[in-house]
Amino acid sequence: MQPQAPPVPPRTSKPEPRGLGDIPIKVVYLAGASLATVLAVLLVFVAFSGDVPVNQEQPEDVVAVAPVPSSATPSATPSPTASESPIVLPPVPESKKFPTLSGKAAKVTGTITDKNTGIKYPRLGSPWKARDFPPFSVAQRIGKVAIPHTVIGSAKYPGDAPDKKPSSNADYRAIATEAARWTIRTQYPKGATLAWTASQKNPVGKGWTLGYKVTYTFDGKQQVAQAMVTVVEVGRTKPTLLMASVPETDKERWRDLSTIVKQVRPL
């Protein structure tokens, strides 16, 4: 009887590494989801890294917001749609001094320098606050966001630039008239009408200012607002727009419009 051969010792070599196909599918899904989350966070930071306001100098506590979106603004001579009645304005006076409105003027606490649009004008104290308010580049507001607004805002003129730079007071007056028409369409309840209270050349530089009283129906009651628009030549074909509107619910602030009109300037 032959002796039995000793048993073969077990293999001690390391197992071969598994390939991608050997990894459980659950692990693959978890890794992919984690990677997608990280990429999404990175994209959010990249997309909004340019939203830090750079429009204002540090001493001025104002808020820079989105400029007038080209896809949402009417042209300089807007055409109503089939369901929209044209806004008919009364003839504009060639010259009419801005009135001294009632109320008590707010304290001027500084100057808003809107580098995006190329103008500067007074920054008013309480109850005015600088807040986000598209389509304006800079806006001072009172109260909540609800039509009709109490607002002072500067923006690039809504609509397309004219074929050539305006050259006369009549040109700027016509442009200001269309700006007033734009405010009636966008800042007041439907059916609002206006009566001109002022029509005058800007105190400094080229441009024109129009004042007007707006009559509208709100909550079933007829109400009024005092408003103004100023177009300012800023070295471009398209001028800059400064507008303000104060409904009668804030009529103690009507005098602030006179402050703005007197001190708006190109940079």
# chains A, B, ... in the order shown; residues from 1 in each chain; ligands from 1
>>> select_by_dssp(residues="stretch 89-253 of chain A", states="helix (DSSP H, G or I)", output="count of residues only")
25
>>> select_by_dssp(residues="stretch 69-220 of chain A", states="strand (DSSP E or B)", output="PyMOL selection string")
chain A and resi 96+108-114+119-124+129-130+138-142+150-156+193-201+207-218
>>> atom_distance(atom1="atom CA of A:Lys213", atom2="atom CA of A:Val92")
13.1 Å
>>> residues_around(residues="A:Ser95", least_positions_apart="4", cutoff="12 Å", atoms="only C-alpha atoms", output="list in words")
Pro91, Asn169, Ala170, Arg173, Trp196, Thr197, Ala198, Ser199, Gln200, Lys201, Asn202, Trp208, Thr209, Leu210 and Gly211 of chain A
>>> residues_around(residues="A:Arg141", least_positions_apart="5", cutoff="10 Å", atoms="only C-alpha atoms", output="mmCIF file with N, CA and C atoms, in the first residue's frame")
data_model
loop_
_atom_site.group_PDB
_atom_site.id
_atom_site.type_symbol
_atom_site.label_atom_id
_atom_site.label_comp_id
_atom_site.auth_asym_id
_atom_site.auth_seq_id
_atom_site.Cartn_x
_atom_site.Cartn_y
_atom_site.Cartn_z
ATOM 1 N N LEU A 124 -33.059 109.599 -1.320
ATOM 2 C CA LEU A 124 -33.945 110.139 -0.301
ATOM 3 C C LEU A 124 -33.951 109.263 0.948
ATOM 4 N N PRO A 127 -39.260 107.589 4.379
ATOM 5 C CA PRO A 127 -39.538 106.155 4.275
ATOM 6 C C PRO A 127 -39.075 105.499 2.975
ATOM 7 N N TRP A 128 -38.336 106.225 2.139
ATOM 8 C CA TRP A 128 -37.846 105.636 0.903
ATOM 9 C C TRP A 128 -36.754 104.603 1.204
ATOM 10 N N LYS A 129 -36.807 103.495 0.490
ATOM 11 C CA LYS A 129 -35.810 102.439 0.619
ATOM 12 C C LYS A 129 -35.379 101.985 -0.772
ATOM 13 N N ALA A 130 -34.070 101.710 -0.905
ATOM 14 C CA ALA A 130 -33.559 101.189 -2.172
ATOM 15 C C ALA A 130 -33.727 99.682 -2.171
ATOM 16 N N ARG A 131 -34.435 99.159 -3.161
ATOM 17 C CA ARG A 131 -34.755 97.735 -3.194
ATOM 18 C C ARG A 131 -34.723 97.220 -4.628
ATOM 19 N N ASP A 132 -34.683 95.892 -4.756
ATOM 20 C CA ASP A 132 -34.781 95.268 -6.076
ATOM 21 C C ASP A 132 -36.140 95.595 -6.687
ATOM 22 N N PHE A 133 -36.120 96.029 -7.933
ATOM 23 C CA PHE A 133 -37.384 96.358 -8.588
ATOM 24 C C PHE A 133 -37.193 96.424 -10.097
ATOM 25 N N HIS A 149 -47.513 101.521 -7.829
ATOM 26 C CA HIS A 149 -46.335 101.582 -6.980
ATOM 27 C C HIS A 149 -46.031 103.017 -6.542
ATOM 28 N N THR A 150 -45.311 103.119 -5.429
ATOM 29 C CA THR A 150 -44.652 104.365 -5.060
ATOM 30 C C THR A 150 -43.170 104.137 -5.323
ATOM 31 N N VAL A 151 -42.670 104.732 -6.387
ATOM 32 C CA VAL A 151 -41.343 104.344 -6.870
ATOM 33 C C VAL A 151 -40.638 105.512 -7.552
ATOM 34 N N ILE A 152 -39.332 105.534 -7.409
ATOM 35 C CA ILE A 152 -38.438 106.389 -8.205
ATOM 36 C C ILE A 152 -37.417 105.437 -8.806
ATOM 37 N N GLY A 153 -37.326 105.366 -10.124
ATOM 38 C CA GLY A 153 -36.437 104.391 -10.739
ATOM 39 C C GLY A 153 -35.761 104.909 -11.984
ATOM 40 N N ALA A 244 -40.805 108.546 -11.885
ATOM 41 C CA ALA A 244 -41.280 108.470 -10.506
ATOM 42 C C ALA A 244 -42.795 108.537 -10.507
ATOM 43 N N SER A 245 -43.393 107.808 -9.596
ATOM 44 C CA SER A 245 -44.841 107.811 -9.454
ATOM 45 C C SER A 245 -45.189 107.668 -7.979
ATOM 46 N N VAL A 246 -46.077 108.533 -7.501
ATOM 47 C CA VAL A 246 -46.504 108.487 -6.101
ATOM 48 C C VAL A 246 -48.029 108.547 -6.070
#
>>> closest_residue(among="A:Pro135, A:Pro158, A:Gly143, A:Pro99", to="A:Ala227", atoms="only C-alpha atoms")
A:Pro99
>>> atom_distance(atom1="atom CA of A:Lys96", atom2="atom CA of A:Tyr212")
11.1 Å
>>> closest_residue(among="A:Val138, A:Leu242, A:Leu101, A:Ile112", to="A:Ala225", atoms="only C-alpha atoms")
A:Leu101
>>> residues_around(residues="stretch 175-183 of chain A", least_positions_apart="2", cutoff="8 Å", atoms="only C-alpha atoms", output="ChimeraX atom specification")
/A:74,76-77,87,89,92,157-158,171-173,185-188,208-210,228-231,241
>>> write_last_selection(atoms="N, CA and C atoms", output="JSON list (two decimals), in the first residue's frame")
[["chain", "number", "residue", "atom", "x", "y", "z"],
["A", 74, "PRO", "N", -41.66, 97.44, -24.53],
["A", 74, "PRO", "CA", -42.22, 97.94, -25.78],
["A", 74, "PRO", "C", -41.21, 98.78, -26.52],
["A", 76, "ALA", "N", -39.98, 102.20, -28.73],
["A", 76, "ALA", "CA", -40.15, 103.62, -28.41],
["A", 76, "ALA", "C", -41.50, 104.14, -28.86],
["A", 77, "THR", "N", -42.07, 103.52, -29.89],
["A", 77, "THR", "CA", -43.42, 103.85, -30.33],
["A", 77, "THR", "C", -44.23, 102.56, -30.34],
["A", 87, "ILE", "N", -53.16, 103.74, -26.14],
["A", 87, "ILE", "CA", -53.19, 104.75, -25.09],
["A", 87, "ILE", "C", -53.07, 106.11, -25.75],
["A", 89, "LEU", "N", -52.81, 110.04, -25.57],
["A", 89, "LEU", "CA", -52.37, 111.08, -24.65],
["A", 89, "LEU", "C", -52.80, 112.45, -25.17],
["A", 92, "VAL", "N", -48.90, 117.56, -25.72],
["A", 92, "VAL", "CA", -47.92, 117.94, -24.71],
["A", 92, "VAL", "C", -47.61, 119.43, -24.81],
["A", 157, "TYR", "N", -33.59, 103.55, -21.52],
["A", 157, "TYR", "CA", -34.88, 103.85, -22.15],
["A", 157, "TYR", "C", -35.48, 102.58, -22.74],
["A", 158, "PRO", "N", -36.74, 102.27, -22.44],
["A", 158, "PRO", "CA", -37.35, 101.04, -22.94],
["A", 158, "PRO", "C", -37.54, 101.08, -24.45],
["A", 171, "ASP", "N", -37.15, 116.82, -30.04],
["A", 171, "ASP", "CA", -36.84, 115.38, -30.10],
["A", 171, "ASP", "C", -36.95, 114.75, -28.72],
["A", 172, "TYR", "N", -36.32, 115.39, -27.73],
["A", 172, "TYR", "CA", -36.35, 114.83, -26.38],
["A", 172, "TYR", "C", -37.75, 114.88, -25.78],
["A", 173, "ARG", "N", -38.52, 115.91, -26.12],
["A", 173, "ARG", "CA", -39.90, 115.99, -25.63],
["A", 173, "ARG", "C", -40.73, 114.84, -26.19],
["A", 185, "ARG", "N", -48.93, 102.34, -19.32],
["A", 185, "ARG", "CA", -49.21, 100.96, -19.66],
["A", 185, "ARG", "C", -48.69, 99.98, -18.62],
["A", 186, "THR", "N", -47.57, 100.31, -17.96],
["A", 186, "THR", "CA", -46.90, 99.31, -17.12],
["A", 186, "THR", "C", -46.98, 99.57, -15.62],
["A", 187, "GLN", "N", -47.29, 100.80, -15.19],
["A", 187, "GLN", "CA", -47.22, 101.12, -13.77],
["A", 187, "GLN", "C", -48.57, 101.40, -13.12],
["A", 188, "TYR", "N", -49.65, 101.36, -13.90],
["A", 188, "TYR", "CA", -50.96, 101.70, -13.35],
["A", 188, "TYR", "C", -52.00, 100.68, -13.81],
["A", 208, "TRP", "N", -35.36, 116.11, -21.44],
["A", 208, "TRP", "CA", -36.66, 116.74, -21.21],
["A", 208, "TRP", "C", -37.37, 116.06, -20.06],
["A", 209, "THR", "N", -38.16, 116.86, -19.33],
["A", 209, "THR", "CA", -38.94, 116.36, -18.19],
["A", 209, "THR", "C", -40.41, 116.66, -18.42],
["A", 210, "LEU", "N", -41.23, 115.65, -18.16],
["A", 210, "LEU", "CA", -42.68, 115.81, -18.20],
["A", 210, "LEU", "C", -43.25, 115.44, -16.83],
["A", 228, "MET", "N", -43.75, 111.70, -12.91],
["A", 228, "MET", "CA", -42.86, 112.44, -13.80],
["A", 228, "MET", "C", -41.97, 111.45, -14.54],
["A", 229, "VAL", "N", -41.52, 111.87, -15.72],
["A", 229, "VAL", "CA", -40.49, 111.15, -16.45],
["A", 229, "VAL", "C", -39.46, 112.17, -16.93],
["A", 230, "THR", "N", -38.21, 111.78, -16.89],
["A", 230, "THR", "CA", -37.13, 112.59, -17.42],
["A", 230, "THR", "C", -36.29, 111.73, -18.33],
["A", 231, "VAL", "N", -36.02, 112.19, -19.55],
["A", 231, "VAL", "CA", -35.07, 111.52, -20.41],
["A", 231, "VAL", "C", -33.80, 112.36, -20.45],
["A", 241, "LEU", "N", -33.71, 106.90, -18.92],
["A", 241, "LEU", "CA", -35.02, 107.24, -18.38],
["A", 241, "LEU", "C", -34.98, 107.26, -16.86]]
>>> residues_around(residues="A:Gly125", least_positions_apart="6", cutoff="12 Å", atoms="only C-alpha atoms", output="ChimeraX atom specification")
/A:60-62,105-112,140-142,253,256
>>> write_last_selection(atoms="C-alpha atoms", output="PDB file, in the first residue's frame")
ATOM      1  CA  GLU A  60     -24.378 104.672  -1.414  1.00  0.00           C
ATOM      2  CA  ASP A  61     -26.750 102.113   0.033  1.00  0.00           C
ATOM      3  CA  VAL A  62     -28.671 101.388  -3.137  1.00  0.00           C
ATOM      4  CA  ALA A 105     -40.026 116.733   1.103  1.00  0.00           C
ATOM      5  CA  ALA A 106     -37.992 113.813   2.433  1.00  0.00           C
ATOM      6  CA  LYS A 107     -34.439 114.508   3.545  1.00  0.00           C
ATOM      7  CA  VAL A 108     -31.794 114.081   0.846  1.00  0.00           C
ATOM      8  CA  THR A 109     -29.274 111.661   2.358  1.00  0.00           C
ATOM      9  CA  GLY A 110     -26.876 111.346  -0.564  1.00  0.00           C
ATOM     10  CA  THR A 111     -26.602 110.889  -4.308  1.00  0.00           C
ATOM     11  CA  ILE A 112     -27.476 107.825  -6.325  1.00  0.00           C
ATOM     12  CA  GLN A 140     -36.233 103.680  -4.425  1.00  0.00           C
ATOM     13  CA  ARG A 141     -39.613 102.470  -3.206  1.00  0.00           C
ATOM     14  CA  ILE A 142     -42.134 102.827  -0.427  1.00  0.00           C
ATOM     15  CA  ARG A 253     -44.470 112.296  -0.590  1.00  0.00           C
ATOM     16  CA  ASP A 256     -40.267 114.535  -3.381  1.00  0.00           C
TER      17      ASP A 256
END
>>> atom_distance(atom1="atom CA of A:Pro166", atom2="atom CA of A:Thr117")
16.9 Å
>>> residues_around(residues="A:Leu267", least_positions_apart="2", cutoff="8 Å", atoms="only C-alpha atoms", output="ChimeraX atom specification")
/A:113,115,118-120,234,265
>>> write_last_selection(atoms="C-alpha atoms", output="CSV table (one decimal), in the first residue's frame")
chain,number,residue,atom,x,y,z
A,113,THR,CA,-24.9,107.4,-9.0
A,115,LYS,CA,-23.3,103.9,-13.6
A,118,GLY,CA,-25.2,107.2,-16.8
A,119,ILE,CA,-27.1,109.6,-14.5
A,120,LYS,CA,-27.2,110.7,-10.9
A,234,VAL,CA,-25.8,110.4,-21.7
A,265,ARG,CA,-27.9,115.1,-13.8
>>> closest_residue(among="A:Ile147, A:Ile260, A:Ala174, A:Ala139", to="A:Gly207", atoms="only C-alpha atoms")
A:Ala174
